[in-house]
Amino acid sequence: MAEETMTLRVTRYRPERGPDSYLDEFDVPYREDMVVLDALNHIKDDIDGSLTYRWSCRMGVCGSCGMMVNGMPRLTCSTYLREFHPEPVVIEPLESFPVIRDLVVDMTDFLEKLREVKPWVIREREDAVEEGEYLQTPEEVDRYKQFSMCINCMLCYSACPVYAQDPEFLGPAAIALASRYNLDSRDQGRSERDEVLGVDTGIWDCTFVGECSVVCPKDVDPAAAIQRTKVSTTTRGMLAAVWPHRGRR
Amino acid sequence: MATPGPAVTRPSEHTPISAAGRRRYPFLVKRPSRTWWLRTRAYRRFAAREATSLFAAAFSLILLTFLFALSRGPQAYDGFLRWLQRPGTVILLAVILVAILYHVATWFRLTSQILVIRIGRLVVPRKIVVGGLVAVWLLLSGLVLYLYALFL
């Protein structure tokens with residue numbers, strides 16, 4: 001019996017060949033349990049070793065293999081070919097990021113934004129070690145746990161039309177990460193994070209398209225994190241105006 | 001050899017992790033299209049949600065015109081009432097009603113994504129939050145109808 005195959009149309013960008021990207025077509029053997037990343041690995045191993053892309057864990061944890069699959073940002077290790085079979089699949093690099101080569105994008109902008117929200121527990125005064133741990137109840141963990149599940153795969157940035165139009169926008173994952181620390185009962189750094197959150201390029205750039213939460217492979221729901229930050233920032237601002245001693249925390 | 005495109009990173013107060021603003025390698029930047037909001041179904045729904053807000057604005061303009069006519073005396077008020085009864089106006093108001101109902105429905109759904117009501121460790125399910133919003137809305141609409149009937 002003839003082996004079943006499937007066609008992959010892969011975007012290539014090879015700066016030494018020319019300034020524009022182009023499409024390459026590959027036929028790969030098809031099995032029902034194959035994911036898109038398996039097909040890319042087949043191309044690299046057996047057809048064209050020059051194909052360049054990122055991947056690592058193959059189990060939806062490392063967040064390296066995000067690409068546009070038929071126009072949607074997906075983790076290629078968790079996207080089965082059977083979803084598209086027998087139609088061809090189009091693979092492109094993650095949208096809204098500068099492409100370095102083939103399917104590899106430059107993550108620098110994203111990494112700098114992550115650092116700008118100060119993603120660590122900030123204390124006004126560090127307690128001495130003898131005073132013991134900062135204890136937390138399960139209820140207090142519940143408040144931020146969802147936002148701590150982010151794997152930095154950047155799918156949310158690719159799904160965000162605001163980031164596409166305005167690269168200054170802090171973006172979904174960075175704001176979700178800021179929320180993760182703002183909602184942590186051990187943290188006291190909210191006013192420091194407000195400097196990048198509570199400005200035009202922070203939460204107020206977001207128009208709540210909501211696609212970041214739809215494409216998130218870890219159900220982090222960054223869209224909810226951003227809108228809730230809008231609500232709490234506004235509430236705190238108004239409280240501070242009418243009741244200066246209570247408003248700031 | 002390709003010519004490098006414009007840098008897309010913003011200046012940072014920190015030391016850059018790499019030479020972000022001064023990339024020494026060529027790279028490709030795709031410009032976002034002007035018709036991005038037509039591309040996927042989700043984007044089209046977002047555009048519809050935002051566009052229907054214009055109908056809410058239109059209705060507030062009609063309300064303002066009503067108040068303005070009222071302040072200018074009986075003649076202007078009668079003129080406004082006549083305008084309200086024209087078939088074109090009735091059609092316009094029907095279109096506005098449908099658009100606003102759609103707009104409200106989208107925001108009820110979105111509110112349930114934002115609003116977290118916790119009872120102990122339990123989070124109230126989104127469907128119940130939407131149900132609550134609809135219930136309050138029906139209650140207020142009923143109240144308005146009741147007041148209308150009372151003063152008519």
# chains A, B, ... in the order shown; residues from 1 in each chain; ligands from 1
call {"tool": "residues_around", "arguments": {"residues": "Ala225 (chain A)", "least_positions_apart": "4", "cutoff": "12 Å", "atoms": "only C-alpha atoms", "output": "VMD selection string"}}
result
(chain A and resid 143 to 148 171 to 183 197 203 206 208 210 212 to 213 219 to 221 229 to 233) or (chain B and resid 113 to 116)
call {"tool": "select_by_dssp", "arguments": {"residues": "region 13-142 of chain B", "states": "strand (DSSP E)", "output": "ChimeraX atom specification"}}
result
/B:118-119,122-123
call {"tool": "closest_atom_pairs", "arguments": {"of": "chain A", "to": "chain B", "cutoff": "8 Å", "atoms": "only C-alpha atoms", "output": "CSV"}}
result
residue,atom,partner,partner_atom,distance
A:Tyr13,CA,B:Leu28,CA,7.8
A:Pro15,CA,B:Ala2,CA,5.5
A:Glu16,CA,B:Met1,CA,5.2
A:Arg17,CA,B:Met1,CA,7.0
A:Gly18,CA,B:Ala2,CA,5.7
A:Pro19,CA,B:Ala2,CA,4.5
A:Asp20,CA,B:Leu28,CA,7.4
A:Ser21,CA,B:Leu28,CA,8.0
A:Glu95,CA,B:Lys30,CA,7.9
A:Ser96,CA,B:Lys30,CA,7.0
A:Phe97,CA,B:Val29,CA,7.0
A:Pro98,CA,B:Val29,CA,4.8
A:Val99,CA,B:Leu28,CA,4.9
A:Ile100,CA,B:Phe27,CA,4.8
A:Arg101,CA,B:Phe27,CA,7.4
A:Thr108,CA,B:Ala20,CA,6.3
A:Asp109,CA,B:Thr9,CA,5.3
A:Glu112,CA,B:Ile17,CA,7.3
A:Glu139,CA,B:Arg121,CA,5.9
A:Asp142,CA,B:Arg121,CA,7.5
A:Pro161,CA,B:Trp36,CA,7.5
A:Ala164,CA,B:Pro32,CA,6.1
A:Gln165,CA,B:Pro32,CA,6.5
A:Pro167,CA,B:Val8,CA,6.5
A:Glu168,CA,B:Arg10,CA,6.3
A:Val209,CA,B:Phe46,CA,5.8
A:Glu211,CA,B:Ala42,CA,7.3
A:Ala224,CA,B:Ile114,CA,5.1
A:Ala225,CA,B:Ile114,CA,7.8
A:Gln227,CA,B:Ile114,CA,6.3
A:Arg228,CA,B:Ile114,CA,5.9
call {"tool": "closest_residue", "arguments": {"among": "B:Gly142, B:Val90, B:Arg24, B:Gly131", "to": "Arg109 (chain B)", "atoms": "only C-alpha atoms"}}
result
B:Gly131
call {"tool": "residues_around", "arguments": {"residues": "region 123-132 of chain A", "least_positions_apart": "5", "cutoff": "9 Å", "atoms": "only C-alpha atoms", "output": "MDAnalysis selection string"}}
result
chainID A and resid 186:189
call {"tool": "atom_distance", "arguments": {"atom1": "CA of Ala241 (chain A)", "atom2": "CA of Asp205 (chain A)"}}
result
23.6 Å
call {"tool": "atom_distance", "arguments": {"atom1": "CA of Val162 (chain A)", "atom2": "CA of Thr207 (chain A)"}}
result
7.5 Å
call {"tool": "atom_distance", "arguments": {"atom1": "CA of Tyr102 (chain B)", "atom2": "CA of Trp204 (chain A)"}}
result
24.2 Å
call {"tool": "select_by_dssp", "arguments": {"residues": "region 2-113 of chain A", "states": "alpha helix (DSSP H)", "output": "PyMOL selection string"}}
result
chain A and resi 36-42+108-113
